[in-house]
$ cat structure_15.txt   # compact mmCIF, C-alpha atoms and all ligand atoms
# COMPACT_ATOMS: atom_id res chain seq x y z
CA MET K 1 -56.97 -41.05 -118.74
CA ASP K 2 -53.83 -41.68 -120.79
CA LEU K 3 -51.76 -40.18 -118.01
CA ILE K 4 -53.32 -42.54 -115.44
CA ARG K 5 -52.72 -45.52 -117.72
CA GLU K 6 -49.12 -44.46 -118.32
CA SER K 7 -48.49 -43.99 -114.57
CA TYR K 8 -49.99 -47.42 -113.91
CA SER K 9 -47.77 -49.07 -116.52
CA ASN K 10 -44.74 -47.50 -114.79
CA LEU K 11 -45.70 -48.95 -111.40
CA PRO K 12 -43.93 -52.33 -111.80
CA ALA K 13 -40.69 -50.55 -112.74
CA ILE K 14 -41.05 -48.21 -109.74
CA PHE K 15 -41.54 -51.16 -107.37
CA VAL K 16 -38.60 -53.03 -108.91
CA PHE K 17 -36.46 -49.91 -108.46
CA ILE K 18 -37.53 -49.60 -104.80
CA GLY K 19 -36.78 -53.32 -104.36
CA PHE K 20 -33.25 -52.98 -105.77
CA LEU K 21 -32.61 -49.82 -103.75
CA LEU K 22 -33.65 -51.52 -100.49
CA THR K 23 -31.62 -54.63 -101.38
CA PHE K 24 -28.61 -52.39 -101.91
CA ILE K 25 -29.17 -50.69 -98.53
CA ALA K 26 -29.63 -54.12 -96.88
CA PHE K 27 -26.22 -55.27 -98.08
CA VAL K 28 -24.55 -52.08 -96.89
CA ILE K 29 -25.91 -52.55 -93.35
CA SER K 30 -23.74 -54.69 -91.09
CA ASP K 31 -26.40 -55.44 -88.46
CA ILE K 32 -27.84 -58.79 -89.49
CA LEU K 33 -31.35 -58.06 -88.14
CA TRP K 34 -31.64 -54.79 -90.07
CA LEU K 35 -30.20 -56.54 -93.13
CA ARG K 36 -33.03 -59.07 -92.93
CA ILE K 37 -35.68 -56.41 -92.29
CA PHE K 38 -34.57 -54.37 -95.32
CA THR K 39 -34.46 -57.58 -97.39
CA ILE K 40 -38.05 -58.37 -96.37
CA VAL K 41 -39.28 -54.93 -97.46
CA ALA K 42 -37.21 -55.10 -100.67
CA LYS K 43 -38.64 -58.52 -101.55
CA LEU K 44 -42.13 -57.26 -100.73
CA ALA K 45 -41.66 -54.45 -103.27
CA MET K 46 -40.43 -57.03 -105.82
CA ALA K 47 -43.41 -59.30 -105.08
CA VAL K 48 -45.83 -56.40 -105.64
CA ALA K 49 -44.00 -55.52 -108.87
CA ALA K 50 -44.50 -59.12 -110.03
CA LEU K 51 -48.29 -58.74 -109.63
CA LEU K 52 -48.61 -55.51 -111.58
CA PRO K 53 -47.52 -56.04 -115.22
CA GLU K 54 -50.26 -55.26 -117.73
CA SER K 55 -49.63 -58.63 -119.35
CA GLY K 56 -50.68 -60.31 -116.08
CA PRO K 57 -49.01 -61.38 -112.82
CA MET K 58 -45.59 -63.07 -112.97
CA TRP K 59 -46.35 -65.88 -110.54
CA LEU K 60 -42.89 -67.45 -110.55
CA SER K 61 -41.23 -64.19 -109.51
CA PHE K 62 -44.01 -63.52 -106.97
CA THR K 63 -43.64 -66.98 -105.39
CA GLY K 64 -39.83 -66.73 -105.28
CA ASN K 65 -39.99 -63.37 -103.52
CA MET K 66 -42.62 -64.61 -101.07
CA LEU K 67 -40.41 -67.61 -100.22
CA LEU K 68 -37.48 -65.29 -99.51
CA ILE K 69 -39.75 -63.11 -97.36
CA THR K 70 -40.87 -66.16 -95.36
CA VAL K 71 -37.30 -67.35 -94.75
CA ASN K 72 -36.22 -63.87 -93.63
CA VAL K 73 -39.28 -63.37 -91.41
CA VAL K 74 -38.54 -66.66 -89.61
CA HIS K 75 -34.86 -65.81 -89.16
CA SER K 76 -35.66 -62.27 -88.00
CA ALA K 77 -38.12 -63.61 -85.41
CA LEU K 78 -35.48 -66.06 -84.14
CA LEU K 79 -32.89 -63.27 -83.99
CA ILE K 80 -35.25 -61.00 -82.04
CA LEU K 81 -35.93 -63.84 -79.59
CA GLU K 82 -32.22 -64.55 -79.23
CA ARG K 83 -31.47 -60.84 -78.71
CA ARG K 84 -34.02 -60.74 -75.90
CA ARG K 85 -32.42 -63.77 -74.28
CA SER K 86 -28.85 -62.54 -74.74
CA ALA K 87 -28.65 -59.83 -72.12
CA LEU K 88 -25.08 -59.47 -70.90
CA SER K 89 -24.08 -59.42 -67.23
CA ASN K 90 -22.17 -56.32 -66.04
CA GLU K 91 -18.85 -58.14 -66.38
CA GLU K 92 -19.70 -59.46 -69.83
CA GLN K 93 -20.77 -55.97 -70.94
CA GLU K 94 -17.52 -54.49 -69.61
CA LEU K 95 -15.49 -57.12 -71.46
CA LYS K 96 -17.52 -56.63 -74.64
CA ASN K 97 -16.85 -52.87 -74.48
CA LYS K 98 -13.14 -53.53 -74.17
CA ALA K 99 -12.60 -56.36 -76.66
CA PHE K 100 -15.66 -56.52 -78.95
CA PRO K 101 -16.95 -52.91 -78.92
CA SER K 102 -18.75 -52.80 -82.26
CA MET K 103 -19.76 -56.44 -82.50
CA ASP K 104 -23.27 -57.83 -82.30
CA ARG K 105 -24.27 -58.63 -78.71
CA VAL K 106 -25.94 -61.92 -79.72
CA PHE K 107 -22.74 -63.33 -81.20
CA VAL K 108 -20.62 -62.01 -78.34
CA LYS K 109 -22.98 -63.63 -75.84
CA ARG K 110 -22.71 -66.93 -77.75
CA LEU K 111 -18.94 -66.68 -77.65
CA PHE K 112 -18.91 -65.79 -73.95
CA ALA K 113 -21.29 -68.64 -73.17
CA ALA K 114 -18.65 -71.11 -74.40
CA ALA K 115 -16.07 -69.77 -71.93
CA THR K 116 -15.54 -69.91 -68.14
CA TRP K 117 -14.56 -67.14 -65.74
CA TYR K 118 -11.24 -67.71 -63.96
CA ASP K 119 -9.88 -65.82 -60.94
CA LEU K 120 -6.11 -65.95 -61.06
CA GLY K 121 -3.61 -65.28 -58.29
CA LYS K 122 -0.41 -63.28 -58.52
CA GLY K 123 2.37 -65.34 -60.18
CA ASP K 124 0.11 -67.83 -61.95
CA THR K 125 1.63 -69.15 -65.18
CA LEU K 126 -0.88 -69.06 -68.02
CA LEU K 127 1.26 -70.16 -70.95
CA VAL K 128 4.78 -71.49 -71.29
CA GLU K 129 6.98 -70.62 -74.26
CA GLY K 130 7.37 -73.59 -76.59
CA GLU K 131 4.39 -75.50 -75.22
CA ARG K 132 1.08 -75.97 -76.99
CA PRO K 133 -1.57 -74.11 -75.01
CA ASP K 134 -5.00 -75.66 -74.55
CA LYS K 135 -6.63 -72.39 -73.45
CA LEU K 136 -7.30 -68.93 -74.81
CA PHE K 137 -7.53 -66.15 -72.19
CA LEU K 138 -9.22 -62.76 -72.31
CA PHE K 139 -8.40 -60.39 -69.46
CA LEU K 140 -11.15 -58.43 -67.75
CA GLN K 141 -9.05 -57.26 -64.78
CA GLY K 142 -5.44 -57.53 -63.74
CA ARG K 143 -2.16 -57.68 -65.61
CA ALA K 144 0.37 -60.27 -66.71
CA PHE K 145 4.02 -60.23 -67.71
CA VAL K 146 5.04 -61.62 -71.08
CA SER K 147 8.58 -62.95 -71.42
CA VAL K 148 10.66 -64.64 -74.07
CA LYS K 149 13.76 -66.57 -73.03
CA HIS K 150 13.33 -65.20 -69.50
CA LYS K 151 13.43 -61.60 -70.75
CA ARG K 152 10.36 -59.45 -70.18
CA ILE K 153 9.08 -58.18 -73.52
CA GLY K 154 5.56 -56.99 -72.83
CA GLU K 155 2.51 -56.86 -70.64
CA ILE K 156 -1.09 -57.90 -70.89
CA GLY K 157 -3.90 -55.77 -69.50
CA PRO K 158 -7.72 -55.64 -69.41
CA GLY K 159 -9.38 -56.32 -72.75
CA GLN K 160 -6.39 -58.23 -74.13
CA PHE K 161 -6.05 -61.85 -75.19
CA VAL K 162 -3.37 -64.29 -74.09
CA GLY K 163 -2.57 -67.22 -76.34
CA GLU K 164 -4.22 -65.74 -79.41
CA MET K 165 -1.07 -65.98 -81.54
CA SER K 166 -0.70 -69.75 -81.24
CA PHE K 167 -4.49 -70.01 -81.50
CA LEU K 168 -4.30 -68.42 -84.96
CA THR K 169 -1.09 -70.10 -86.13
CA ARG K 170 -1.73 -73.47 -84.41
CA GLN K 171 1.90 -73.36 -83.30
CA SER K 172 3.28 -73.51 -79.77
CA ALA K 173 3.25 -70.44 -77.52
CA GLY K 174 5.81 -67.83 -78.49
CA ALA K 175 6.21 -66.49 -74.95
CA THR K 176 5.63 -67.29 -71.30
CA VAL K 177 2.85 -65.35 -69.60
CA VAL K 178 2.65 -64.98 -65.81
CA THR K 179 0.12 -62.91 -63.90
CA ARG K 180 1.53 -59.86 -62.16
CA GLU K 181 -1.43 -59.35 -59.83
CA LEU K 182 -4.85 -60.84 -59.01
CA SER K 183 -6.63 -61.12 -62.33
CA ARG K 184 -9.99 -62.11 -63.71
CA CYS K 185 -10.23 -63.66 -67.16
CA LEU K 186 -12.65 -65.33 -69.46
CA VAL K 187 -11.10 -68.61 -70.59
CA TRP K 188 -11.94 -70.78 -73.60
CA GLN K 189 -10.81 -74.37 -74.01
CA ARG K 190 -9.27 -74.26 -77.46
CA ASN K 191 -10.85 -77.44 -78.77
CA ILE K 192 -14.28 -76.07 -77.81
CA VAL K 193 -13.76 -72.70 -79.47
CA GLU K 194 -12.26 -74.36 -82.57
CA LYS K 195 -15.29 -76.62 -82.93
CA LEU K 196 -17.62 -73.68 -82.36
CA SER K 197 -15.84 -71.53 -84.98
CA LYS K 198 -16.10 -74.32 -87.54
CA LYS K 199 -19.82 -74.65 -86.89
CA ASP K 200 -20.59 -70.95 -86.68
CA ARG K 201 -18.68 -68.76 -89.14
CA ASP K 202 -20.07 -65.54 -87.59
CA LEU K 203 -18.45 -66.42 -84.27
CA GLU K 204 -15.18 -67.19 -86.01
CA LYS K 205 -15.33 -63.80 -87.74
CA ILE K 206 -15.93 -61.77 -84.59
CA LEU K 207 -13.27 -63.67 -82.66
CA THR K 208 -10.62 -63.21 -85.35
CA ALA K 209 -11.60 -59.54 -85.78
CA ALA K 210 -11.20 -58.93 -82.03
CA ILE K 211 -7.88 -60.81 -82.01
CA GLY K 212 -6.75 -58.72 -85.00
CA VAL K 213 -7.44 -55.45 -83.15
CA ASP K 214 -5.64 -56.81 -80.07
CA LEU K 215 -2.61 -57.85 -82.14
CA ALA K 216 -2.47 -54.42 -83.80
CA GLY K 217 -2.36 -52.82 -80.32
CA LYS K 218 0.42 -55.18 -79.22
CA ILE K 219 2.50 -54.45 -82.33
CA PHE K 220 1.95 -50.70 -81.83
CA LEU K 221 3.29 -50.92 -78.26
CA GLN K 222 6.19 -53.07 -79.40
CA ASN K 223 7.08 -50.51 -82.08
CA GLN K 224 6.97 -47.72 -79.52
CA LYS K 225 9.27 -49.73 -77.25
CA ALA K 226 11.62 -50.43 -80.13
CA VAL K 227 12.17 -46.68 -80.60
CA GLY K 228 12.29 -46.06 -76.86
CA ILE K 229 8.87 -44.43 -76.38
CA GLY K 230 6.96 -47.13 -74.50
N1 LIG I 301 4.94 -58.36 -77.53
C1 LIG I 301 3.90 -58.87 -76.87
N2 LIG I 301 3.07 -58.07 -76.17
C2 LIG I 301 2.00 -58.56 -75.51
N3 LIG I 301 1.69 -59.87 -75.50
C3 LIG I 301 2.47 -60.71 -76.19
C4 LIG I 301 3.60 -60.27 -76.91
N4 LIG I 301 4.18 -61.34 -77.50
C5 LIG I 301 3.45 -62.40 -77.15
N5 LIG I 301 2.43 -62.04 -76.37
C6 LIG I 301 1.38 -62.90 -75.75
O1 LIG I 301 2.04 -64.02 -75.21
C7 LIG I 301 1.40 -65.16 -75.74
C8 LIG I 301 2.23 -66.42 -75.80
O2 LIG I 301 1.44 -67.41 -76.44
P1 LIG I 301 0.92 -67.11 -77.92
O3 LIG I 301 2.12 -67.01 -78.79
O4 LIG I 301 -0.13 -68.05 -78.23
O5 LIG I 301 0.25 -65.67 -77.77
C9 LIG I 301 1.04 -64.71 -77.15
C10 LIG I 301 0.41 -63.40 -76.82
O6 LIG I 301 -0.85 -63.56 -76.24
$ encode --input "structure_15.txt" --output "structure tokens"
Amino acid sequence: MDLIRESYSNLPAIFVFIGFLLTFIAFVISDILWLRIFTIVAKLAMAVAALLPESGPMWLSFTGNMLLITVNVVHSALLILERRRSALSNEEQELKNKAFPSMDRVFVKRLFAAATWYDLGKGDTLLVEGERPDKLFLFLQGRAFVSVKHKRIGEIGPGQFVGEMSFLTRQSAGATVVTRELSRCLVWQRNIVEKLSKKDRDLEKILTAAIGVDLAGKIFLQNQKAVGIG
């Protein structure tokens, strides 16, 4: 009998422990839907723990946890709906694989939805050195030459951005970029993507992360060229 009573008095602590453990797991997970699902279960454990103390239920803690559960259930349902609606076309999927491989499809779809597909001819000038670009390009197909002071310094290929440097620094373009062959790009009007990033910090994060990876690749190639490998 004593053993049963003792086990029962440990129950709140066990549920609190489970709650903290699940909260910890939730914050380690990067997928926002799973983060919310783990948070719901964690808060459920905490809510149960609040009902079990021998001294009587802790209603404030119970209500707080139930409120958090409600908020997360609503957001999870909206996320699931959005995920269903955010199927990517073949081209969008190909571009996501190249430029946003590990990023959440929902956010990538939102970002893509703010852009327009452009088919470019050979010799089209995308950006001019010293001018302030109003567009940000992301190549799906084709290639472009990059030159500074009329000297070719690099190339752009599928999965790479054009105009991302001045987009980040808000300066004028540091190079002129001209297509080398027929190309297909996704193009954002800068003012639109700037407004969108201010409104939606998740979009800003995935865009800057993808630009960061792209820039690292460009610097790597530049370094190889500098020592005569590229
Ligand atoms: N070394 C390089 N290799 C590849 N692309 C480059 C290089 N330097 C500049 N660019 C691109 O050329 C663009 C010119 O405009 P931005 O400076 O906005 O962004 C630049 C990059 O997108």
$ closest_atom_pairs --input "structure_15.txt" --of "chain K" --to "ligand LIG 301 (chain I)" --cutoff "6 Å" --atoms "all atoms listed in the file" --output "Markdown table"
| residue | atom | partner | partner_atom | distance |
| --- | --- | --- | --- | --- |
| K:Val146 | CA | I:LIG301 | O1 | 5.6 |
| K:Ile153 | CA | I:LIG301 | N1 | 5.8 |
| K:Gly154 | CA | I:LIG301 | N2 | 4.3 |
| K:Glu155 | CA | I:LIG301 | C2 | 5.2 |
| K:Ile156 | CA | I:LIG301 | C2 | 5.6 |
| K:Phe161 | CA | I:LIG301 | O6 | 5.6 |
| K:Val162 | CA | I:LIG301 | O6 | 3.4 |
| K:Gly163 | CA | I:LIG301 | O4 | 3.2 |
| K:Glu164 | CA | I:LIG301 | O5 | 4.8 |
| K:Met165 | CA | I:LIG301 | O5 | 4.0 |
| K:Ser166 | CA | I:LIG301 | O4 | 3.5 |
| K:Phe167 | CA | I:LIG301 | O4 | 5.8 |
| K:Ala173 | CA | I:LIG301 | O2 | 3.7 |
| K:Gly174 | CA | I:LIG301 | O3 | 3.8 |
| K:Ala175 | CA | I:LIG301 | C8 | 4.1 |
| K:Thr176 | CA | I:LIG301 | C8 | 5.7 |
| K:Val177 | CA | I:LIG301 | O1 | 5.8 |
| K:Lys218 | CA | I:LIG301 | N2 | 5.0 |
| K:Gln222 | CA | I:LIG301 | N1 | 5.7 |
$ residues_around --input "structure_15.txt" --residues "range 195-203 of chain K" --least-positions-apart "3" --cutoff "12 Å" --atoms "all atoms listed in the file" --output "short mmCIF file (atom, residue, chain, number, x, y, z; two decimals) with C-alpha atoms, in the coordinates of the input"
data_model
loop_
_atom_site.label_atom_id
_atom_site.label_comp_id
_atom_site.auth_asym_id
_atom_site.auth_seq_id
_atom_site.Cartn_x
_atom_site.Cartn_y
_atom_site.Cartn_z
CA SER K 30 -23.74 -54.69 -91.09
CA ASP K 31 -26.40 -55.44 -88.46
CA ILE K 32 -27.84 -58.79 -89.49
CA PHE K 100 -15.66 -56.52 -78.95
CA MET K 103 -19.76 -56.44 -82.50
CA ASP K 104 -23.27 -57.83 -82.30
CA ARG K 105 -24.27 -58.63 -78.71
CA VAL K 106 -25.94 -61.92 -79.72
CA PHE K 107 -22.74 -63.33 -81.20
CA VAL K 108 -20.62 -62.01 -78.34
CA LYS K 109 -22.98 -63.63 -75.84
CA ARG K 110 -22.71 -66.93 -77.75
CA LEU K 111 -18.94 -66.68 -77.65
CA PHE K 112 -18.91 -65.79 -73.95
CA ALA K 113 -21.29 -68.64 -73.17
CA ALA K 114 -18.65 -71.11 -74.40
CA ALA K 115 -16.07 -69.77 -71.93
CA PHE K 167 -4.49 -70.01 -81.50
CA LEU K 168 -4.30 -68.42 -84.96
CA TRP K 188 -11.94 -70.78 -73.60
CA GLN K 189 -10.81 -74.37 -74.01
CA ARG K 190 -9.27 -74.26 -77.46
CA ASN K 191 -10.85 -77.44 -78.77
CA ILE K 192 -14.28 -76.07 -77.81
CA ILE K 206 -15.93 -61.77 -84.59
CA LEU K 207 -13.27 -63.67 -82.66
CA THR K 208 -10.62 -63.21 -85.35
CA ALA K 209 -11.60 -59.54 -85.78
CA ALA K 210 -11.20 -58.93 -82.03
#
$ closest_residue --input "structure_15.txt" --among "K:Ser9, K:Phe20, K:Val73, K:Asn65" --to "Trp34 in chain K" --atoms "all atoms listed in the file"
K:Val73
$ closest_residue --input "structure_15.txt" --among "K:Leu182, K:Leu68, K:Leu78, K:Leu44" --to "Asp124 in chain K" --atoms "all atoms listed in the file"
K:Leu182
$ atom_distance --input "structure_15.txt" --atom1 "CA of Met66 in chain K" --atom2 "CA of Lys43 in chain K"
7.3 Å
$ atom_distance --input "structure_15.txt" --atom1 "CA of Pro12 in chain K" --atom2 "CA of Ile25 in chain K"
19.9 Å
$ atom_distance --input "structure_15.txt" --atom1 "CA of Ser89 in chain K" --atom2 "CA of Ala216 in chain K"
27.7 Å
$ closest_residue --input "structure_15.txt" --among "K:Ala87, K:Phe17, K:Arg180, K:Ala47" --to "Ser61 in chain K" --atoms "all atoms listed in the file"
K:Ala47
$ closest_residue --input "structure_15.txt" --among "K:Val16, K:Ala144, K:Val187, K:Ile29" --to "Ala42 in chain K" --atoms "only C-alpha atoms"
K:Val16
$ residues_around --input "structure_15.txt" --residues "Leu138 in chain K" --least-positions-apart "6" --cutoff "6 Å" --atoms "only C-alpha atoms" --output "list in words"
Gln160, Phe161, Cys185 and Leu186 of chain K
